[in-house]
$ cat run.txt   # compact mmCIF, C-alpha atoms
# COMPACT_ATOMS: atom_id res chain seq x y z
CA MET A 1 41.59 111.33 114.03
CA PRO A 2 43.10 108.82 116.46
CA SER A 3 43.83 110.18 119.90
CA PRO A 4 46.99 109.50 121.82
CA PRO A 5 46.68 106.46 124.09
CA ALA A 6 46.02 106.99 127.79
CA ASP A 7 49.68 106.32 128.56
CA SER A 8 50.88 108.73 125.88
CA PRO A 9 54.11 110.63 126.55
CA ASP A 10 52.05 113.72 127.39
CA GLN A 11 52.33 113.13 131.14
CA GLU A 12 56.09 113.06 131.02
CA THR A 13 56.21 116.06 128.68
CA ILE A 14 53.81 117.95 130.94
CA ALA A 15 55.95 117.18 133.99
CA ARG A 16 59.00 118.56 132.17
CA ALA A 17 57.07 121.66 131.10
CA ILE A 18 55.90 122.32 134.67
CA ALA A 19 59.51 122.00 135.78
CA GLY A 20 60.25 124.94 133.49
CA GLU A 21 61.67 123.10 130.49
CA ALA A 22 60.59 125.38 127.67
CA GLU A 23 61.30 122.84 124.95
CA ALA A 24 58.91 120.38 126.59
CA PHE A 25 56.14 122.91 126.20
CA GLY A 26 57.38 123.45 122.68
CA GLU A 27 56.70 119.75 122.05
CA LEU A 28 53.15 120.13 123.31
CA TYR A 29 52.76 123.17 121.08
CA ASP A 30 53.99 121.22 118.04
CA ARG A 31 51.63 118.38 118.79
CA TYR A 32 48.47 120.39 119.41
CA LEU A 33 48.88 123.49 117.26
CA ASP A 34 47.21 122.13 114.13
CA PRO A 35 44.11 120.56 115.69
CA LEU A 36 43.60 123.53 118.02
CA TYR A 37 43.96 126.01 115.20
CA ARG A 38 41.50 124.04 113.05
CA PHE A 39 39.03 123.88 115.95
CA ILE A 40 39.23 127.64 116.56
CA ARG A 41 39.43 128.67 112.91
CA PHE A 42 36.20 126.86 112.14
CA GLN A 43 34.41 128.96 114.72
CA VAL A 44 35.75 132.48 114.19
CA THR A 45 35.52 134.79 111.22
CA LEU A 46 38.96 136.35 111.01
CA ARG A 47 42.16 134.39 110.54
CA GLU A 48 43.93 136.87 112.83
CA ASP A 49 41.42 136.14 115.60
CA ALA A 50 42.03 132.42 115.14
CA GLU A 51 45.75 132.96 115.47
CA ASP A 52 45.40 135.17 118.55
CA LEU A 53 43.03 132.75 120.23
CA THR A 54 45.24 129.77 119.40
CA GLU A 55 48.24 131.49 120.93
CA THR A 56 46.20 132.46 123.98
CA VAL A 57 45.14 128.84 124.46
CA PHE A 58 48.77 127.83 124.77
CA LEU A 59 49.56 130.71 127.11
CA LYS A 60 46.65 129.79 129.35
CA ALA A 61 47.59 126.13 129.19
CA PHE A 62 51.12 127.02 130.24
CA GLU A 63 49.87 129.12 133.15
CA ARG A 64 47.46 126.42 134.27
CA LEU A 65 49.62 123.36 133.79
CA PRO A 66 50.07 122.84 137.52
CA GLU A 67 46.24 122.84 137.87
CA PHE A 68 45.95 120.18 135.18
CA ARG A 69 48.21 117.91 137.17
CA THR A 70 46.14 118.25 140.30
CA ASP A 71 42.69 118.28 138.68
CA LYS A 72 41.34 114.79 139.30
CA ARG A 73 38.51 115.29 136.82
CA MET A 74 40.90 115.97 134.00
CA THR A 75 43.24 113.15 133.11
CA ASN A 76 43.44 113.71 129.39
CA PHE A 77 45.56 116.64 128.26
CA ARG A 78 43.91 116.81 124.85
CA ALA A 79 40.45 117.11 126.40
CA TRP A 80 41.77 119.66 128.89
CA ILE A 81 43.42 121.95 126.34
CA PHE A 82 40.36 121.79 124.05
CA ARG A 83 38.22 122.78 127.01
CA ILE A 84 40.39 125.88 127.40
CA ALA A 85 40.02 126.56 123.68
CA ARG A 86 36.27 126.18 123.80
CA ASN A 87 35.95 128.61 126.71
CA LEU A 88 38.08 131.15 124.89
CA VAL A 89 35.95 130.87 121.77
CA ILE A 90 32.82 131.38 123.89
CA ASP A 91 34.41 134.47 125.51
CA HIS A 92 35.38 135.72 122.08
CA TYR A 93 31.78 135.54 120.92
CA ARG A 94 30.50 137.20 124.07
CA SER A 95 32.80 140.18 123.56
CA ARG A 96 32.19 140.40 119.84
CA LYS A 97 29.73 143.10 118.72
CA PRO A 98 28.60 143.17 115.11
CA PRO A 99 29.20 139.98 113.11
CA LEU A 100 31.85 140.31 110.44
CA PRO A 101 31.53 139.19 106.84
CA LEU A 102 32.96 135.79 106.07
CA ASP A 103 36.71 135.72 105.71
CA PRO A 104 37.86 135.42 102.11
CA GLU A 105 40.64 133.13 103.33
CA MET A 106 38.38 130.37 104.54
CA PRO A 107 39.32 126.88 103.36
CA SER A 108 39.12 126.68 99.59
CA GLY A 109 40.08 123.10 98.76
CA ASN A 110 43.44 121.92 97.50
CA PRO A 111 45.72 124.43 95.82
CA GLY A 112 45.83 122.18 92.75
CA ASP A 113 42.06 122.23 92.26
CA GLY A 114 40.61 124.42 89.54
CA PRO A 115 39.01 127.78 90.38
CA GLU A 116 35.50 126.49 89.78
CA PHE A 117 36.00 123.62 92.20
CA GLN A 118 37.54 125.97 94.75
CA VAL A 119 34.54 128.28 94.57
CA GLN A 120 32.15 125.35 94.97
CA PHE A 121 34.21 123.94 97.83
CA ARG A 122 34.24 127.27 99.58
CA GLU A 123 30.49 127.75 99.17
CA GLN A 124 29.87 124.28 100.52
CA SER A 125 32.25 124.91 103.44
CA GLU A 126 30.45 128.13 104.28
CA ARG A 127 27.08 126.41 104.09
CA ILE A 128 28.25 123.71 106.48
CA GLY A 129 29.83 126.30 108.77
CA ARG A 130 26.57 128.25 108.92
CA ALA A 131 24.56 125.09 109.55
CA VAL A 132 26.86 124.05 112.41
CA GLU A 133 26.58 127.57 113.84
CA ARG A 134 22.79 127.22 113.87
CA LEU A 135 22.95 124.05 115.96
CA GLU A 136 22.02 124.58 119.58
CA GLU A 137 23.81 123.44 122.71
CA PRO A 138 24.95 120.74 123.25
CA PHE A 139 24.70 119.67 119.59
CA ARG A 140 27.14 122.22 118.23
CA PRO A 141 30.03 121.62 120.66
CA VAL A 142 29.71 117.87 120.27
CA ILE A 143 29.89 118.14 116.49
CA VAL A 144 32.83 120.54 116.62
CA MET A 145 34.74 118.52 119.21
CA ARG A 146 34.16 115.25 117.40
CA PHE A 147 34.58 116.17 113.74
CA VAL A 148 36.57 119.40 113.69
CA ALA A 149 38.88 118.82 116.66
CA GLY A 150 38.90 115.05 116.12
CA LEU A 151 38.37 114.20 119.77
CA THR A 152 37.28 110.70 120.81
CA TYR A 153 34.04 110.09 122.69
CA THR A 154 35.96 109.93 125.96
CA GLU A 155 37.78 113.18 125.26
CA THR A 156 34.65 114.96 124.06
CA ALA A 157 32.78 113.82 127.16
CA SER A 158 35.61 115.00 129.38
CA ALA A 159 36.00 118.37 127.63
CA LEU A 160 32.26 119.10 127.77
CA GLY A 161 31.53 117.55 131.14
CA LEU A 162 29.08 115.01 129.68
CA SER A 163 28.86 111.22 129.83
CA GLU A 164 30.22 109.23 126.92
CA ASN A 165 26.86 107.66 126.21
CA TYR A 166 25.23 111.05 126.13
CA VAL A 167 27.88 112.25 123.66
CA ARG A 168 26.96 109.32 121.37
CA VAL A 169 23.27 110.19 121.60
CA ILE A 170 23.92 113.88 120.94
CA GLN A 171 26.23 113.02 118.07
CA PHE A 172 23.46 111.02 116.39
CA ARG A 173 20.83 113.69 116.88
CA ALA A 174 23.17 116.52 115.86
CA LEU A 175 24.22 114.79 112.65
CA ARG A 176 20.60 114.16 111.79
CA LYS A 177 19.70 117.81 112.40
CA LEU A 178 22.68 118.93 110.39
CA LYS A 179 21.78 116.65 107.51
CA GLU A 180 18.24 118.09 107.49
CA MET A 181 19.57 121.64 107.51
CA LEU A 182 21.90 120.93 104.60
CA GLU A 183 19.02 119.43 102.63
CA GLU A 184 16.85 122.52 103.08
CA MET B 1 16.19 106.89 116.70
CA SER B 2 16.93 103.65 118.51
CA LYS B 3 19.75 102.66 120.84
CA LYS B 4 20.89 100.26 118.17
CA GLU B 5 21.20 103.04 115.59
CA ILE B 6 23.08 105.29 118.00
CA ARG B 7 25.50 102.54 118.97
CA THR B 8 26.03 101.44 115.39
CA LEU B 9 26.66 104.96 114.12
CA ALA B 10 29.27 105.50 116.84
CA GLU B 11 30.91 102.21 115.95
CA TRP B 12 30.91 102.96 112.20
CA LEU B 13 32.45 106.39 112.72
CA ASP B 14 35.11 104.90 114.99
CA ARG B 15 36.05 102.18 112.55
CA ILE B 16 36.17 104.53 109.58
CA GLU B 17 38.27 107.06 111.56
CA ARG B 18 40.73 104.31 112.44
CA GLY B 19 40.90 103.35 108.76
CA GLU B 20 39.71 99.80 109.46
CA THR B 21 36.99 99.76 106.87
CA THR B 22 34.94 101.81 104.43
CA LEU B 23 31.42 103.16 104.59
CA GLU B 24 30.45 101.00 101.61
CA ALA B 25 31.59 97.84 103.34
CA LEU B 26 29.73 98.72 106.53
CA ALA B 27 26.57 99.63 104.64
CA THR B 28 26.67 96.38 102.68
CA ALA B 29 27.01 94.39 105.91
CA ARG B 30 24.04 96.18 107.52
CA PRO B 31 21.49 97.00 104.79
CA ASP B 32 18.77 97.43 107.42
CA LEU B 33 20.60 100.50 108.84
CA ALA B 34 22.41 101.67 105.74
CA ALA B 35 19.89 104.22 104.48
CA GLU B 36 19.91 106.28 107.67
CA LEU B 37 23.47 105.84 108.86
CA GLU B 38 25.22 106.28 105.53
CA ALA B 39 23.85 109.81 105.22
CA LEU B 40 24.93 110.67 108.78
CA VAL B 41 28.47 109.38 108.27
CA GLU B 42 28.68 111.44 105.07
CA THR B 43 27.47 114.51 106.95
CA ALA B 44 30.23 114.00 109.52
CA ALA B 45 32.77 113.66 106.72
CA ALA B 46 31.50 116.87 105.14
CA VAL B 47 32.04 118.75 108.43
CA ARG B 48 35.58 117.38 108.65
CA GLU B 49 36.32 118.43 105.12
CA ALA B 50 34.80 121.89 105.54
CA SER B 51 36.91 122.54 108.61
CA ALA B 52 40.24 121.63 107.01
CA SER B 53 42.63 124.50 107.64
CA ALA B 54 46.14 124.94 108.93
CA PRO B 55 48.05 127.86 110.43
CA ASP B 56 50.51 129.51 108.11
CA GLU B 57 54.19 128.80 108.59
CA ALA B 58 55.08 132.34 109.68
CA PHE B 59 52.52 132.20 112.49
CA ARG B 60 53.59 128.69 113.46
CA GLY B 61 57.21 129.74 114.00
CA GLN B 62 56.59 133.15 115.49
CA ALA B 63 53.94 132.02 117.95
CA ARG B 64 56.23 129.22 119.10
CA ALA B 65 59.11 131.66 119.58
CA ARG B 66 56.88 134.12 121.47
CA LEU B 67 55.56 131.35 123.69
CA LEU B 68 58.98 130.02 124.56
CA ASN B 69 60.25 133.57 125.14
CA ARG B 70 57.47 134.20 127.60
CA MET B 71 58.13 130.90 129.34
CA ALA B 72 61.80 131.76 129.64
CA ALA B 73 60.94 135.19 131.04
CA ARG B 74 58.50 133.73 133.57
CA THR B 75 60.92 131.05 134.65
CA ALA B 76 63.69 133.61 135.09
CA VAL B 77 61.43 135.93 137.08
CA LYS B 78 60.32 133.03 139.29
CA ALA B 79 63.94 132.13 139.90
CA GLY B 80 64.33 135.71 141.16
CA ALA B 81 67.81 136.18 139.77
CA PRO B 82 68.20 138.37 136.71
CA GLU B 83 70.88 137.09 134.43
CA PRO B 84 74.03 139.19 134.19
CA ALA B 85 73.90 142.00 131.66
CA VAL B 86 75.06 141.15 128.21
CA HIS B 87 76.91 143.84 126.33
CA PRO B 88 74.76 144.90 123.45
CA THR B 89 76.06 144.11 120.05
CA ALA B 90 75.98 146.95 117.58
CA ILE B 91 73.32 146.52 114.92
CA PRO B 92 75.00 146.93 111.55
CA ALA B 93 73.30 149.76 109.74
CA LEU B 94 73.33 147.76 106.56
CA ARG B 95 71.36 144.94 108.17
CA ARG B 96 68.65 147.36 109.22
CA ALA B 97 68.37 148.40 105.62
CA PHE B 98 67.59 144.87 104.45
CA THR B 99 64.34 144.73 102.62
CA GLY B 100 61.75 142.02 103.15
CA LEU B 101 62.72 140.56 99.82
CA ALA B 102 66.34 140.21 100.81
CA ILE B 103 65.27 138.45 104.00
CA ALA B 104 63.02 136.12 102.06
CA VAL B 105 65.84 135.26 99.68
CA THR B 106 68.20 134.72 102.60
CA LEU B 107 65.71 132.43 104.27
CA LEU B 108 65.32 130.43 101.11
CA PHE B 109 69.04 129.81 101.18
CA LEU B 110 69.43 129.27 104.87
CA GLY B 111 66.28 127.23 105.28
CA VAL B 112 63.34 127.88 107.51
CA LEU B 113 65.22 126.68 110.58
CA ALA B 114 67.52 129.67 110.35
CA ALA B 115 64.50 131.85 111.07
CA ILE B 116 64.17 130.49 114.59
CA PRO B 117 67.23 132.23 116.16
CA MET B 118 66.14 135.36 114.32
CA GLN B 119 62.68 135.15 115.84
CA VAL B 120 64.04 135.04 119.38
CA ALA B 121 66.54 137.89 118.81
CA LEU B 122 66.27 140.93 121.09
CA PRO B 123 67.14 144.58 120.48
CA GLY B 124 70.91 144.77 120.61
CA ASP B 125 71.34 141.32 119.06
CA GLY B 126 72.80 141.10 115.59
CA LEU B 127 69.76 139.35 114.17
CA TYR B 128 67.20 141.77 115.54
CA GLY B 129 66.96 143.83 112.35
CA GLY B 130 66.30 140.60 110.48
CA LYS B 131 63.58 139.68 112.93
CA LEU B 132 61.78 142.97 112.32
CA ALA B 133 62.15 142.59 108.56
CA LEU B 134 60.78 139.05 108.82
CA GLU B 135 57.73 140.41 110.61
CA ARG B 136 57.23 142.99 107.89
CA LEU B 137 57.10 140.22 105.30
CA GLN B 138 53.69 139.28 106.64
CA GLN B 139 52.38 142.66 105.60
CA ILE B 140 53.28 142.39 101.94
CA ALA B 141 49.78 141.42 100.86
CA ALA B 142 47.93 142.49 104.00
CA SER B 143 44.74 144.54 103.88
CA PRO B 144 44.54 147.62 106.13
CA ALA B 145 42.48 145.56 108.63
CA GLU B 146 45.12 142.86 108.71
CA ASP B 147 47.82 145.53 108.97
CA ALA B 148 46.19 147.07 112.04
CA ILE B 149 45.97 143.69 113.75
CA LEU B 150 49.48 142.70 112.75
CA GLU B 151 50.94 145.96 114.05
CA THR B 152 49.20 145.44 117.39
CA ARG B 153 50.68 141.97 117.48
CA PHE B 154 54.12 143.37 116.67
CA ALA B 155 53.68 145.77 119.58
CA SER B 156 53.01 142.72 121.74
CA ASN B 157 56.25 141.19 120.46
CA ARG B 158 58.08 144.35 121.49
CA LEU B 159 56.49 144.13 124.93
CA THR B 160 57.76 140.58 125.33
CA GLU B 161 61.20 141.79 124.28
CA ILE B 162 61.06 144.59 126.86
CA GLN B 163 60.26 142.02 129.55
CA LEU B 164 63.12 139.77 128.47
CA LEU B 165 65.57 142.67 128.32
CA ILE B 166 64.61 143.67 131.86
CA VAL B 167 64.97 140.10 133.12
CA GLN B 168 68.43 139.98 131.55
CA GLY B 169 69.39 143.37 132.98
CA ARG B 170 69.92 144.83 129.49
CA PHE B 171 68.33 148.17 130.33
CA ASP B 172 70.22 150.09 127.64
CA ASP B 173 68.46 148.08 124.94
CA VAL B 174 64.96 148.78 126.28
CA ASP B 175 64.93 152.13 124.50
CA ARG B 176 65.13 150.48 121.07
CA ALA B 177 62.31 148.09 121.93
CA VAL B 178 60.16 150.98 123.18
CA PHE B 179 60.91 152.96 120.04
CA GLU B 180 59.70 150.05 117.89
CA TYR B 181 56.72 149.56 120.21
CA GLU B 182 55.62 153.17 119.74
CA ALA B 183 56.14 152.92 115.99
CA SER B 184 53.96 149.78 115.78
CA ILE B 185 51.14 151.43 117.71
CA GLU B 186 51.26 154.47 115.47
CA ARG B 187 51.17 152.30 112.37
CA ALA B 188 48.27 150.30 113.83
CA VAL B 189 46.28 153.50 114.29
CA LEU B 190 47.13 154.68 110.77
CA ALA B 191 46.01 151.32 109.37
CA LEU B 192 42.81 151.54 111.40
CA ASN B 193 42.11 154.95 109.89
CA ALA B 194 42.54 153.39 106.46
CA VAL B 195 40.06 150.63 107.44
CA ALA B 196 37.56 153.27 108.55
CA ARG B 197 37.82 154.96 105.17
CA THR B 198 37.38 151.78 103.15
CA ASP B 199 35.32 149.34 105.21
CA GLY B 200 33.40 150.90 108.07
CA ALA B 201 31.83 147.60 109.17
CA GLN B 202 35.20 146.18 110.11
CA THR B 203 36.39 149.21 112.03
CA TYR B 204 34.53 148.70 115.28
CA PRO B 205 35.62 145.15 116.16
CA ILE B 206 39.22 145.91 115.23
CA LEU B 207 39.13 149.13 117.20
CA GLN B 208 37.78 147.27 120.23
CA ARG B 209 40.50 144.75 119.94
CA ILE B 210 43.29 147.32 119.66
CA GLU B 211 41.93 149.20 122.66
CA ARG B 212 41.72 146.01 124.70
CA ASP B 213 45.27 145.05 123.77
CA LEU B 214 46.68 148.49 124.47
CA ARG B 215 45.05 148.58 127.89
CA ALA B 216 46.62 145.22 128.70
CA TYR B 217 50.01 146.36 127.43
CA SER B 218 49.79 149.50 129.50
CA MET B 219 49.11 147.45 132.64
CA THR B 220 52.05 145.17 131.94
CA LEU B 221 54.35 148.13 131.38
CA ASN B 222 53.20 149.69 134.65
CA GLU B 223 54.03 146.48 136.48
CA LEU B 224 57.52 146.50 134.98
CA MET B 225 58.28 149.98 136.35
CA ALA B 226 59.16 148.53 139.74
CA PHE B 227 61.96 146.42 138.29
CA VAL B 228 63.93 149.03 136.36
CA PRO B 229 66.28 151.91 137.27
CA GLY B 230 65.25 155.57 136.93
CA PRO B 231 66.39 156.23 133.35
CA THR B 232 64.64 153.09 132.09
CA GLN B 233 61.49 154.10 133.99
CA ARG B 234 61.38 157.24 131.89
CA VAL B 235 61.71 155.15 128.74
CA LEU B 236 58.90 152.85 129.88
CA ALA B 237 56.76 155.87 130.73
CA ARG B 238 56.98 156.81 127.06
CA ALA B 239 55.58 153.42 126.06
CA ILE B 240 52.81 153.66 128.66
CA GLU B 241 51.87 157.09 127.41
CA ALA B 242 51.78 155.84 123.81
CA SER B 243 49.46 152.98 124.85
CA GLN B 244 47.16 155.28 126.81
CA VAL B 245 47.11 158.12 124.34
CA TRP B 246 46.22 155.92 121.41
CA SER B 247 43.63 153.88 123.24
CA GLY B 248 42.22 157.16 124.59
CA ASN B 249 42.10 158.61 121.09
CA SER B 250 40.26 155.54 119.94
CA ASN B 251 37.43 156.05 122.44

$ encode --input "run.txt" --output "structure tokens"
Amino acid sequence: MPSPPADSPDQETIARAIAGEAEAFGELYDRYLDPLYRFIRFQVTLREDAEDLTETVFLKAFERLPEFRTDKRMTNFRAWIFRIARNLVIDHYRSRKPPLPLDPEMPSGNPGDGPEFQVQFREQSERIGRAVERLEEPFRPVIVMRFVAGLTYTETASALGLSENYVRVIQFRALRKLKEMLEE
Amino acid sequence: MSKKEIRTLAEWLDRIERGETTLEALATARPDLAAELEALVETAAAVREASASAPDEAFRGQARARLLNRMAARTAVKAGAPEPAVHPTAIPALRRAFTGLAIAVTLLFLGVLAAIPMQVALPGDGLYGGKLALERLQQIAASPAEDAILETRFASNRLTEIQLLIVQGRFDDVDRAVFEYEASIERAVLALNAVARTDGAQTYPILQRIERDLRAYSMTLNELMAFVPGPTQRVLARAIEASQVWSGNSN
């Protein structure tokens, strides 16, 4: 997924949101809702949890917008908001007690696909989800940031506090591990 | 794993993501790396595909409305000047009787955009009954577990409404919001009991979540006490008690 260019209108929209213009924050919401939801949904069991966490990400982002503007380490809004999302997902897992069964509403392919295909697609999705979950740090977050959230190398590096080159190395190793797991 | 392989994989993924080329074309151009890298690019594509999901439209609109409501409330509180009271509009009894189906049919005619003013309606506004009915639509096919979570979320919506009503000085309308808040909590507890009867494994995490939410709501309501006149304090006290009683019962 292509990321917005460095001079994307985010900065202007953010400035308007900090000034209290609700609709400006609404624009940020419209732009980031889908990728954030996908990122969170992939990592939690219940759809309701994904929705709650997604909403909380935006609330936290709204509260911390002034910090984003002054944080010299964070120049990319997309990386910054995904960092918030990642921390919330980690907190969610820390507070969670017994694991829940897989949600029956996990992705099931296109609505037009036949039931057999949908079942196969869902099984494959679950298998991949479980394999990604088994990856250790920093392999898992790199894979999720890159291929679920669609972040660039620069954004992934910024969100995870790693160097870009290291992200490329981890990406290679993580994909290789994942491929081996899926072949087991 | 060589530096060349790492660099080339990154470049291939970039170029494919940008739609510049295909995996086949890249593999043909570099047969020496194709065997290894092709499989890795396909693995990345499989992760992308497996993670494809999108929020449902009801959540999309309601979360946006809640977010903007909260922003408006915060901005107004920061400005330190409550807006002048608005005379409450009577809620037509007939509107309150609308069923979810009638709302759905109306929305089909009016278009999804018409739902937005409904979603930001407050108790005392003409569209408020419609807003509540719209929320109920989400429960049509909900399991007891989903019901419990949805009701807790509806209680959160009522809390946001209470805050907005206070900011706007519409203290007379707080009672209706508190009434609906209490009703949502009671329904959440009933739904949780149903979960416990049918699926014990799910009960604990949902219970934890409801308790956590109710504690947070109770704190927010306590903070609001300082900003309301005596009669409204008594109304808020009812909501605080409901939050504490039910979270206490859940322990």

$ atom_distance --input "run.txt" --atom1 "atom CA of Thr75 of chain A" --atom2 "atom CA of Leu33 of chain A"
19.7 Å

$ atom_distance --input "run.txt" --atom1 "atom CA of Glu63 of chain A" --atom2 "atom CA of Glu51 of chain A"
18.6 Å

$ residues_around --input "run.txt" --residues "Arg168 of chain A" --least-positions-apart "2" --cutoff "10 Å" --atoms "all atoms listed in the file" --output "number ranges by chain"
A: 142, 153, 156-157, 163-166, 170-174; B: 3, 6-11

$ interface_residues --input "run.txt" --of "chain B" --to "chain A" --cutoff "7 Å" --atoms "only C-alpha atoms" --output "PDB file with C-alpha atoms, in the coordinates of the input"
ATOM      1  CA  ILE B   6      23.080 105.290 118.000  1.00  0.00           C
ATOM      2  CA  ALA B  10      29.270 105.500 116.840  1.00  0.00           C
ATOM      3  CA  GLU B  17      38.270 107.060 111.560  1.00  0.00           C
ATOM      4  CA  ARG B  18      40.730 104.310 112.440  1.00  0.00           C
ATOM      5  CA  LEU B  40      24.930 110.670 108.780  1.00  0.00           C
ATOM      6  CA  THR B  43      27.470 114.510 106.950  1.00  0.00           C
ATOM      7  CA  ALA B  44      30.230 114.000 109.520  1.00  0.00           C
ATOM      8  CA  VAL B  47      32.040 118.750 108.430  1.00  0.00           C
ATOM      9  CA  ARG B  48      35.580 117.380 108.650  1.00  0.00           C
ATOM     10  CA  ALA B  50      34.800 121.890 105.540  1.00  0.00           C
ATOM     11  CA  SER B  51      36.910 122.540 108.610  1.00  0.00           C
ATOM     12  CA  ALA B  52      40.240 121.630 107.010  1.00  0.00           C
ATOM     13  CA  SER B  53      42.630 124.500 107.640  1.00  0.00           C
ATOM     14  CA  ALA B  54      46.140 124.940 108.930  1.00  0.00           C
ATOM     15  CA  PRO B  55      48.050 127.860 110.430  1.00  0.00           C
ATOM     16  CA  ALA B  63      53.940 132.020 117.950  1.00  0.00           C
ATOM     17  CA  ARG B  64      56.230 129.220 119.100  1.00  0.00           C
ATOM     18  CA  LEU B  67      55.560 131.350 123.690  1.00  0.00           C
ATOM     19  CA  LEU B  68      58.980 130.020 124.560  1.00  0.00           C
ATOM     20  CA  MET B  71      58.130 130.900 129.340  1.00  0.00           C
ATOM     21  CA  ALA B  72      61.800 131.760 129.640  1.00  0.00           C
ATOM     22  CA  THR B  75      60.920 131.050 134.650  1.00  0.00           C
ATOM     23  CA  GLN B 202      35.200 146.180 110.110  1.00  0.00           C
ATOM     24  CA  PRO B 205      35.620 145.150 116.160  1.00  0.00           C
TER      25      PRO B 205
END

$ atom_distance --input "run.txt" --atom1 "atom CA of Pro141 of chain A" --atom2 "atom CA of Leu65 of chain A"
23.6 Å

$ closest_residue --input "run.txt" --among "A:Val44, A:Leu88, A:Ile14, A:Leu28" --to "Glu67 of chain A" --atoms "all atoms listed in the file"
A:Ile14

$ build_atoms --input "run.txt" --residues "segment 195-212 of chain B" --atoms "N, CA and C atoms" --output "short mmCIF file (atom, residue, chain, number, x, y, z; two decimals), in the coordinates of the input"
data_model
loop_
_atom_site.label_atom_id
_atom_site.label_comp_id
_atom_site.auth_asym_id
_atom_site.auth_seq_id
_atom_site.Cartn_x
_atom_site.Cartn_y
_atom_site.Cartn_z
N VAL B 195 41.20 151.57 107.41
CA VAL B 195 40.06 150.63 107.44
C VAL B 195 38.76 151.44 107.51
N ALA B 196 38.77 152.45 108.37
CA ALA B 196 37.56 153.27 108.55
C ALA B 196 37.14 153.94 107.24
N ARG B 197 38.14 154.29 106.44
CA ARG B 197 37.82 154.96 105.17
C ARG B 197 37.26 153.98 104.14
N THR B 198 37.73 152.72 104.22
CA THR B 198 37.38 151.78 103.15
C THR B 198 36.30 150.78 103.54
N ASP B 199 36.24 150.40 104.81
CA ASP B 199 35.32 149.34 105.21
C ASP B 199 34.85 149.61 106.64
N GLY B 200 33.87 150.48 106.76
CA GLY B 200 33.40 150.90 108.07
C GLY B 200 32.96 149.76 108.97
N ALA B 201 32.37 148.71 108.38
CA ALA B 201 31.83 147.60 109.17
C ALA B 201 32.91 146.88 109.97
N GLN B 202 34.12 146.91 109.42
CA GLN B 202 35.20 146.18 110.11
C GLN B 202 35.86 147.02 111.19
N THR B 203 35.63 148.32 111.15
CA THR B 203 36.39 149.21 112.03
C THR B 203 36.13 148.93 113.51
N TYR B 204 34.87 148.78 113.86
CA TYR B 204 34.53 148.70 115.28
C TYR B 204 35.16 147.50 115.99
N PRO B 205 35.00 146.27 115.45
CA PRO B 205 35.62 145.15 116.16
C PRO B 205 37.14 145.24 116.23
N ILE B 206 37.75 145.79 115.20
CA ILE B 206 39.22 145.91 115.23
C ILE B 206 39.63 146.97 116.25
N LEU B 207 38.87 148.05 116.24
CA LEU B 207 39.13 149.13 117.20
C LEU B 207 39.03 148.61 118.64
N GLN B 208 37.98 147.85 118.89
CA GLN B 208 37.78 147.27 120.23
C GLN B 208 38.97 146.43 120.63
N ARG B 209 39.41 145.67 119.66
CA ARG B 209 40.50 144.75 119.94
C ARG B 209 41.80 145.50 120.23
N ILE B 210 42.07 146.54 119.45
CA ILE B 210 43.29 147.32 119.66
C ILE B 210 43.23 148.00 121.04
N GLU B 211 42.08 148.54 121.34
CA GLU B 211 41.93 149.20 122.66
C GLU B 211 42.18 148.22 123.79
N ARG B 212 41.57 147.04 123.66
CA ARG B 212 41.72 146.01 124.70
C ARG B 212 43.19 145.65 124.85
#
